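Read through the structure below, which is laid out as structure tokens, and then see the notes.
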Amino acid sequence: MVLAGAVDTDALRRVGEWARPVALAGEQLLAVPDPLRDLLPEGGLRRGSTVTVEGGPGATSLALALGAAASVAGSWVAGVNLPSLGLLAAAELGVALERVVMVGGVDPRTWPAVVAALLDAVDLVWVGLPPRIRPGDARRLAARARERGSVLVTLDPWSPRPVGSAGSGTASWPVGADVRLRLVAWPAWVGFAGSGAGRLEARRVEVVAGGRGASARERRLDLWLPGPDGRVAPCSPRSLSPEQSLGRSMRQRTGRGSGGTGKRGAEE
Amino acid sequence: MTATRGKAPVRTLVAWCPDWPVVAAGRAGGAAVAVMGTEPGMRGRVLACSEPARAQGVRRGMRRREAEGRCPGLDVLAADPDGEARAFEAVVAAVASLTPRVEVLRPGSVALPTRGPSRYFGGDQALVDRASALADAALEGRARCRVGVADGLFAAILAARRGVVVEPGASAAFLAPLAVAVLAHADPPAGSPELIDLFRRLGLRCLGDVAAVPSATLAGRFGPLGARVSRLCRGLDDRPPRPQVPPPDLTVAAEVDPPATQVETAAFVARRLATELGEHLAVRGLACARVCIEAETEHGETLARRWRTEGLVLASALGDRVRWQLDGWCHRSPGQRPSGGITLLRLVPEEVTADRGRQLGFWGEASAADERAARGIARLQGLLGPEAVTVPQRRGGRSPGEQVVLVAAHTAGNGEDQAGEFVLAPWPGRLPVPAPSLVHAVAWSAEVVSAGGEEVDVSAQGLVSAGPDRVSLAGGPWCQVRSWAGPWPMDERWWDPATHRRRACIQVVTAGGEAHLLALSGGRWVLEATYD
């Protein structure tokens, strides 16, 4: 069979990765979208780890983006107690919605049992934190994730009135997490043209990754989250617009040849 | 018109016990007894009577007063259909030893196709002798059973009443001289008293007369009933007997002694039961698509749930499901949870089908991850109830909350793309990419004011009255608006007054860097979504 025109080897390689069996023996990483690989010491989420996502605007998008590549590759993703999660945004970030399960209305008493059951069933669990978590429960869930090889991602979605059940800053994971992702810089939205013209197009955020073990060394990364196509895209620190940033990263990649695995352009 | 239309009537044997309701009531002795009907149509009328009562003029269908008038001292009983059926079961079982394909027409009457058994036992007469001997043995002298054989069910019923064997092909000749009143004995009855009376008045006194009338004429005058009567009178079967394949009783049960107070103990018993059930099914080459798990506690509380088990390894799947079911039961609110240990577990297979094996797809088959997820979903449904576990489904729509909705997981297939048909429709006015990452489940109220402090409004032309300057979300403090975009006016379902909705959305970024989607509808601003 003769393929006409230029073959997009990058796309072919990506399809090949997706079509692989979900977990090869000894494969201990869940894939993350390429722009997020630099945040994690191994370039992916280590199975069995606990990830906390904290901070200001962008935290929910970042948590959703963590599940994107894994769900495309065949892993199932579940969300607990996240009634407001924007699943359309999740789809735009690359999450395969046909492998997403949402469990809602879980009262704090049965919450640990439900999360534990989901850790048995799926590869990545987004957990909306209840206002209070006993450290014992948190430790048990982390141990469950480690035993089952699933990834627990905790987040505390923004709420306009942080009272009672949920709200930013009121709840946190009481024990140390393997990876802590935090959004620090004040987000900068682009796309406005003043006095009502334009629209939200892309947001530049800065993510700081820390944690334990291999993740202990702090890593900082500028990202377009979401980028102009809704996906997460890499961003060089001084770029002003997503187009400019993407152009630069494309040039970097071609300049470095095939060895440049760090920053890839967003998928056009 | 001859028997060329349709298949030849099936040669059938009918065993008939006269006056079965009386026999079943244990009153077949010498007394005059009448059983009164209880069902509509026969309520308060004689359903059956004993021989002495008949000798004094009591007839089926008679009113009670009239029957008592003809036969003073008549003993009147109420019909008991359940008891009649129960008592007849012994006769059915005896006849079923000849062939398993027996059909109970009604309590007191049973039919079977004779083709196989006649050859085996050496002819129709030998089969009749054997059947009546078996039936009489089962009746233990309480009554006599009459047996007859003929081509077609209707002829066989009438042959049984006369205790004769009609030669093959002679059914029409056998029926011809019989009075039209016997149409009432067909199963189901073909002749109402009015119809039989009408036939008599038309001069059609016996079945042969009716058979001589062209079928089309009868059908034209009496509709489908006329066509059926015509076929019956000409000795053509109107239906073959329905062979009753006995459903295999594959229920397995185990008593738990001492009562199991731990879920795991019960699950262990269930695993053994499931293995046993799987062996029973395998021996018969059957598969089970649905199993009902019934549990009973020492205080008599029961919980039964049905589980789909299609394509699962029965032993482990049922062990898990028993555990989930009991787990869910034990975690209910105090009034509804079981008060004692489990004493009885029963697995009732439902929807048993021939096992055709399970063929996995070559491309895109369910992976191990899919099966693990499906098991987990089933487990959570047992724990939280089926509605608590939801999966996203894409729908068409304009606002972010409409484009993906959550549906209960058990209504959607697992792992399938559930894209609805309107997803790709253009939806003019749809909000542009990127979508907000939080779509608030509760509609938070919001206030949007301009620099002058007036409430921002959107005109019918889709223009804002003034640029938003400050917003207050959910009654919180005022935040400065750094930049904003919009509005996006939406006029949805204008053709339906009940669901018509006019809205306008704006995007705002506050001084804190938070981006929100605010919607104005009916003069009120609400916080619809947040770009978190």
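Residues are referred to by chain and number: the chain letter is A, B, ... according to the order shown in the structure tokens, the number counts from 1 in that chain, and ligands are numbered separately from 1 in the order shown.
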Between chain A and chain B, at 6 Å or less, what are the per-residue closest atom pairs and their distances in Å? Count only C-alpha atoms, order by chain and rising residue number, and return it as JSON lines.
{"residue": "A:Pro57", "atom": "CA", "partner": "B:Asp532", "partner_atom": "CA", "distance": 4.7}
{"residue": "A:Gly58", "atom": "CA", "partner": "B:Asp532", "partner_atom": "CA", "distance": 4.5}
{"residue": "A:Thr60", "atom": "CA", "partner": "B:Asp532", "partner_atom": "CA", "distance": 5.6}
{"residue": "A:Ser61", "atom": "CA", "partner": "B:Ser437", "partner_atom": "CA", "distance": 5.9}
{"residue": "A:Ser84", "atom": "CA", "partner": "B:His440", "partner_atom": "CA", "distance": 4.7}
{"residue": "A:Leu85", "atom": "CA", "partner": "B:Leu438", "partner_atom": "CA", "distance": 4.8}
{"residue": "A:Gly86", "atom": "CA", "partner": "B:Ser437", "partner_atom": "CA", "distance": 4.3}
{"residue": "A:Leu88", "atom": "CA", "partner": "B:Val404", "partner_atom": "CA", "distance": 5.9}
{"residue": "A:Ala89", "atom": "CA", "partner": "B:Ala435", "partner_atom": "CA", "distance": 4.7}
{"residue": "A:Glu98", "atom": "CA", "partner": "B:Asp417", "partner_atom": "CA", "distance": 5.4}
{"residue": "A:Arg99", "atom": "CA", "partner": "B:Gly415", "partner_atom": "CA", "distance": 5.8}
{"residue": "A:Val101", "atom": "CA", "partner": "B:Val391", "partner_atom": "CA", "distance": 4.8}
{"residue": "A:Met102", "atom": "CA", "partner": "B:Thr390", "partner_atom": "CA", "distance": 5.1}
{"residue": "A:Val103", "atom": "CA", "partner": "B:Val389", "partner_atom": "CA", "distance": 4.7}
{"residue": "A:Gly104", "atom": "CA", "partner": "B:Ala388", "partner_atom": "CA", "distance": 5.9}
{"residue": "A:Ala121", "atom": "CA", "partner": "B:Ala373", "partner_atom": "CA", "distance": 4.7}
{"residue": "A:Val122", "atom": "CA", "partner": "B:Ala373", "partner_atom": "CA", "distance": 5.6}
{"residue": "A:Pro187", "atom": "CA", "partner": "B:Gly513", "partner_atom": "CA", "distance": 5.7}
{"residue": "A:Gly196", "atom": "CA", "partner": "B:Ala485", "partner_atom": "CA", "distance": 3.9}
{"residue": "A:Ala197", "atom": "CA", "partner": "B:Ala485", "partner_atom": "CA", "distance": 5.5}
{"residue": "A:Gly198", "atom": "CA", "partner": "B:Ala485", "partner_atom": "CA", "distance": 6.0}
{"residue": "A:Arg199", "atom": "CA", "partner": "B:Ala485", "partner_atom": "CA", "distance": 5.3}
{"residue": "A:Gly230", "atom": "CA", "partner": "B:Pro434", "partner_atom": "CA", "distance": 4.5}
What's the 12 Å shell around Leu183 of chain B, counting only C-alpha atoms, without same-chain residues fewer than 6 positions away, as an NGL selection string?
:B and (154-155 or 157-158 or 175 or 189-197 or 199 or 205-207 or 210 or 225-226 or 228-233 or 235)
Taking the backbone alone, and naming residues the way the document does, which bits of segment 9-242 of chain B are helix (DSSP H, G or I) by DSSP, as a count of residues only?
110
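Neighbours of Val95 of chain B closer than or equal to 9 Å, with only C-alpha atoms counted and sequence neighbours fewer than 6 positions away skipped, come out as Ala15, Val102, Val110, Leu112, Ala131, Ser132, Leu134 and Ala135 of chain B.
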What does the file look like for those residues with N, CA and C atoms, as a PDB file, in the first residue's frame?
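Dumped everything to part.pdb:
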ATOM      1  N   ALA B  15     -57.383 -37.300  27.309  1.00  0.00           N
ATOM      2  CA  ALA B  15     -57.932 -38.018  28.475  1.00  0.00           C
ATOM      3  C   ALA B  15     -58.810 -37.043  29.231  1.00  0.00           C
ATOM      4  N   VAL B 102     -47.075 -33.304  27.029  1.00  0.00           N
ATOM      5  CA  VAL B 102     -48.495 -33.256  27.367  1.00  0.00           C
ATOM      6  C   VAL B 102     -48.927 -31.803  27.537  1.00  0.00           C
ATOM      7  N   VAL B 110     -56.652 -33.489  29.487  1.00  0.00           N
ATOM      8  CA  VAL B 110     -55.261 -33.391  29.106  1.00  0.00           C
ATOM      9  C   VAL B 110     -55.098 -33.989  27.710  1.00  0.00           C
ATOM     10  N   LEU B 112     -52.348 -35.059  24.340  1.00  0.00           N
ATOM     11  CA  LEU B 112     -50.960 -35.313  23.923  1.00  0.00           C
ATOM     12  C   LEU B 112     -50.963 -35.785  22.480  1.00  0.00           C
ATOM     13  N   ALA B 131     -53.067 -45.443  28.619  1.00  0.00           N
ATOM     14  CA  ALA B 131     -53.327 -44.130  29.208  1.00  0.00           C
ATOM     15  C   ALA B 131     -54.470 -44.200  30.210  1.00  0.00           C
ATOM     16  N   SER B 132     -55.540 -44.929  29.855  1.00  0.00           N
ATOM     17  CA  SER B 132     -56.659 -44.970  30.792  1.00  0.00           C
ATOM     18  C   SER B 132     -56.289 -45.776  32.031  1.00  0.00           C
ATOM     19  N   LEU B 134     -53.280 -45.892  33.371  1.00  0.00           N
ATOM     20  CA  LEU B 134     -52.445 -45.000  34.187  1.00  0.00           C
ATOM     21  C   LEU B 134     -53.297 -43.957  34.889  1.00  0.00           C
ATOM     22  N   ALA B 135     -54.254 -43.375  34.134  1.00  0.00           N
ATOM     23  CA  ALA B 135     -55.077 -42.322  34.715  1.00  0.00           C
ATOM     24  C   ALA B 135     -55.965 -42.886  35.819  1.00  0.00           C
TER      25      ALA B 135
END
Residues at most 12 Å from Glu279 of chain B, counting only C-alpha atoms, excluding those fewer than 4 positions away in the same chain, as a ChimeraX atom specification?
/B:250,252,272-275,283-288,313-315
Which residues of segment 98-194 of chain A come within 7 Å of segment 39-49 of chain A, and for each one, what is the closest pair of atoms and their distance in Å to one decimal, counting only C-alpha atoms, sorted by chain and residue number, as CSV?
residue,atom,partner,partner_atom,distance
A:Ala145,CA,A:Gly48,CA,4.8
A:Arg146,CA,A:Gly48,CA,3.6
A:Glu147,CA,A:Gly48,CA,6.6
A:Arg148,CA,A:Gly48,CA,6.6
A:Gly149,CA,A:Gly48,CA,4.1
A:Ser150,CA,A:Gly48,CA,4.8
A:Val151,CA,A:Ser49,CA,5.2
A:Leu152,CA,A:Ser49,CA,6.6
A:Asp178,CA,A:Ser49,CA,5.8
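DSSP annotation of segment 254-301 of chain B from backbone atoms: strand (DSSP E) residues are Ala254, Glu255, Val256, Asp257, Pro258, Pro259, Ala260, Leu286, Ala287, Cys288, Ala289, Arg290, Val291, Cys292, Ile293, Glu294, Ala295, Glu296 and Thr297 of chain B.
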Pull N, CA and C atoms from the residues just selected and write them as a PDB file, in the first residue's frame.
ATOM      1  N   ALA B 254     -29.452 -23.098  49.937  1.00  0.00           N
ATOM      2  CA  ALA B 254     -28.687 -23.650  51.048  1.00  0.00           C
ATOM      3  C   ALA B 254     -29.152 -22.976  52.321  1.00  0.00           C
ATOM      4  N   GLU B 255     -29.362 -23.780  53.344  1.00  0.00           N
ATOM      5  CA  GLU B 255     -29.649 -23.216  54.656  1.00  0.00           C
ATOM      6  C   GLU B 255     -28.326 -22.959  55.351  1.00  0.00           C
ATOM      7  N   VAL B 256     -28.252 -21.844  56.005  1.00  0.00           N
ATOM      8  CA  VAL B 256     -27.016 -21.470  56.686  1.00  0.00           C
ATOM      9  C   VAL B 256     -27.252 -21.680  58.167  1.00  0.00           C
ATOM     10  N   ASP B 257     -26.539 -22.609  58.733  1.00  0.00           N
ATOM     11  CA  ASP B 257     -26.729 -22.908  60.138  1.00  0.00           C
ATOM     12  C   ASP B 257     -25.368 -23.088  60.778  1.00  0.00           C
ATOM     13  N   PRO B 258     -24.990 -22.319  61.745  1.00  0.00           N
ATOM     14  CA  PRO B 258     -25.720 -21.224  62.377  1.00  0.00           C
ATOM     15  C   PRO B 258     -25.881 -20.037  61.426  1.00  0.00           C
ATOM     16  N   PRO B 259     -26.868 -19.152  61.690  1.00  0.00           N
ATOM     17  CA  PRO B 259     -27.096 -18.013  60.796  1.00  0.00           C
ATOM     18  C   PRO B 259     -25.830 -17.193  60.587  1.00  0.00           C
ATOM     19  N   ALA B 260     -25.604 -16.796  59.349  1.00  0.00           N
ATOM     20  CA  ALA B 260     -24.389 -16.048  59.017  1.00  0.00           C
ATOM     21  C   ALA B 260     -24.585 -14.586  59.387  1.00  0.00           C
ATOM     22  N   LEU B 286     -26.939 -25.414  29.137  1.00  0.00           N
ATOM     23  CA  LEU B 286     -27.717 -24.180  29.201  1.00  0.00           C
ATOM     24  C   LEU B 286     -26.846 -23.047  29.733  1.00  0.00           C
ATOM     25  N   ALA B 287     -27.263 -21.846  29.411  1.00  0.00           N
ATOM     26  CA  ALA B 287     -26.637 -20.656  29.973  1.00  0.00           C
ATOM     27  C   ALA B 287     -27.719 -19.853  30.661  1.00  0.00           C
ATOM     28  N   CYS B 288     -27.313 -19.037  31.579  1.00  0.00           N
ATOM     29  CA  CYS B 288     -28.289 -18.305  32.370  1.00  0.00           C
ATOM     30  C   CYS B 288     -27.990 -16.827  32.239  1.00  0.00           C
ATOM     31  N   ALA B 289     -28.956 -16.072  31.738  1.00  0.00           N
ATOM     32  CA  ALA B 289     -28.715 -14.649  31.491  1.00  0.00           C
ATOM     33  C   ALA B 289     -29.075 -13.806  32.697  1.00  0.00           C
ATOM     34  N   ARG B 290     -29.859 -14.351  33.621  1.00  0.00           N
ATOM     35  CA  ARG B 290     -30.288 -13.550  34.760  1.00  0.00           C
ATOM     36  C   ARG B 290     -30.494 -14.480  35.942  1.00  0.00           C
ATOM     37  N   VAL B 291     -30.022 -14.056  37.078  1.00  0.00           N
ATOM     38  CA  VAL B 291     -30.182 -14.866  38.282  1.00  0.00           C
ATOM     39  C   VAL B 291     -30.838 -13.998  39.345  1.00  0.00           C
ATOM     40  N   CYS B 292     -31.805 -14.573  40.041  1.00  0.00           N
ATOM     41  CA  CYS B 292     -32.414 -13.886  41.176  1.00  0.00           C
ATOM     42  C   CYS B 292     -31.771 -14.447  42.438  1.00  0.00           C
ATOM     43  N   ILE B 293     -31.176 -13.579  43.222  1.00  0.00           N
ATOM     44  CA  ILE B 293     -30.562 -13.999  44.480  1.00  0.00           C
ATOM     45  C   ILE B 293     -31.535 -13.661  45.609  1.00  0.00           C
ATOM     46  N   GLU B 294     -31.947 -14.660  46.339  1.00  0.00           N
ATOM     47  CA  GLU B 294     -32.880 -14.440  47.436  1.00  0.00           C
ATOM     48  C   GLU B 294     -32.177 -14.785  48.739  1.00  0.00           C
ATOM     49  N   ALA B 295     -32.277 -13.883  49.682  1.00  0.00           N
ATOM     50  CA  ALA B 295     -31.680 -14.119  51.002  1.00  0.00           C
ATOM     51  C   ALA B 295     -32.767 -13.953  52.042  1.00  0.00           C
ATOM     52  N   GLU B 296     -32.684 -14.748  53.071  1.00  0.00           N
ATOM     53  CA  GLU B 296     -33.687 -14.684  54.136  1.00  0.00           C
ATOM     54  C   GLU B 296     -32.958 -14.701  55.461  1.00  0.00           C
ATOM     55  N   THR B 297     -33.428 -13.869  56.405  1.00  0.00           N
ATOM     56  CA  THR B 297     -32.797 -13.853  57.715  1.00  0.00           C
ATOM     57  C   THR B 297     -33.584 -14.719  58.674  1.00  0.00           C
TER      58      THR B 297
END
For atom CA of Gly341 of chain B and atom CA of Glu264 of chain B, quote the distance in Å rounded to one decimal.
11.9 Å
At a cut-off of 12 Å, using only C-alpha atoms, what residues contact Gly44 of chain B? Leave out same-chain residues fewer than 3 positions from it and give the result as a PyMOL selection string.
chain B and resi 34-41+47-48+60-67+76-79
Could you name the residues that touch Arg37 of chain A at 12 Å or less, counting only C-alpha atoms, but leaving out those on the same chain fewer than 2 positions away, as a ChimeraX atom specification?
/A:29-35,39-46,65-66,69,209,219-221,223,232-234,261-264
Go ahead and save the residues from that selection, with C-alpha atoms, as a compact mmCIF listing (two decimals), in the first residue's frame.
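Contents of again_17.txt, freshly written:
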# COMPACT_ATOMS: atom_id res chain seq x y z
CA LEU A 29 2.85 4.55 34.37
CA LEU A 30 -0.44 6.06 33.31
CA ALA A 31 0.08 8.34 30.35
CA VAL A 32 -0.57 12.07 30.69
CA PRO A 33 -0.95 14.59 27.86
CA ASP A 34 2.45 15.46 26.45
CA PRO A 35 2.60 19.04 27.78
CA LEU A 39 5.64 18.08 35.62
CA LEU A 40 6.16 14.47 36.59
CA PRO A 41 9.57 12.96 37.19
CA GLU A 42 8.77 9.82 35.22
CA GLY A 43 6.83 11.53 32.50
CA GLY A 44 3.57 9.98 33.62
CA LEU A 45 1.47 9.15 36.65
CA ARG A 46 2.98 6.29 38.58
CA ALA A 65 -6.31 16.96 31.95
CA LEU A 66 -4.49 14.37 34.07
CA ALA A 69 -4.33 10.45 27.85
CA ALA A 209 4.82 20.26 41.17
CA ARG A 219 9.28 21.62 39.06
CA ARG A 220 7.65 24.65 37.51
CA LEU A 221 5.87 24.72 34.22
CA LEU A 223 0.98 25.96 30.39
CA VAL A 232 -3.63 21.73 27.34
CA ALA A 233 -0.69 23.19 25.47
CA PRO A 234 2.87 24.04 26.42
CA THR A 261 10.45 14.84 23.70
CA GLY A 262 9.98 17.54 26.26
CA LYS A 263 7.73 20.05 24.64
CA ARG A 264 5.59 19.17 21.74
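For Glu201 of chain A, the list of residues within 6 Å, based on only C-alpha atoms and with local chain neighbours fewer than 6 positions off taken out, reads Val190, Gly191 and Pro228 of chain A.
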Restricted to C-alpha atoms, what would the selected residues look like written as a PDB file, in the first residue's frame?
ATOM      1  CA  VAL A 190      -6.233  35.936  26.301  1.00  0.00           C
ATOM      2  CA  GLY A 191      -8.825  36.532  23.676  1.00  0.00           C
ATOM      3  CA  PRO A 228      -7.158  27.731  22.083  1.00  0.00           C
TER       4      PRO A 228
END
Closest to Ala214 of chain A among A:Val179, A:Leu12, A:Ala91, A:Val106, using only C-alpha atoms?
A:Val179
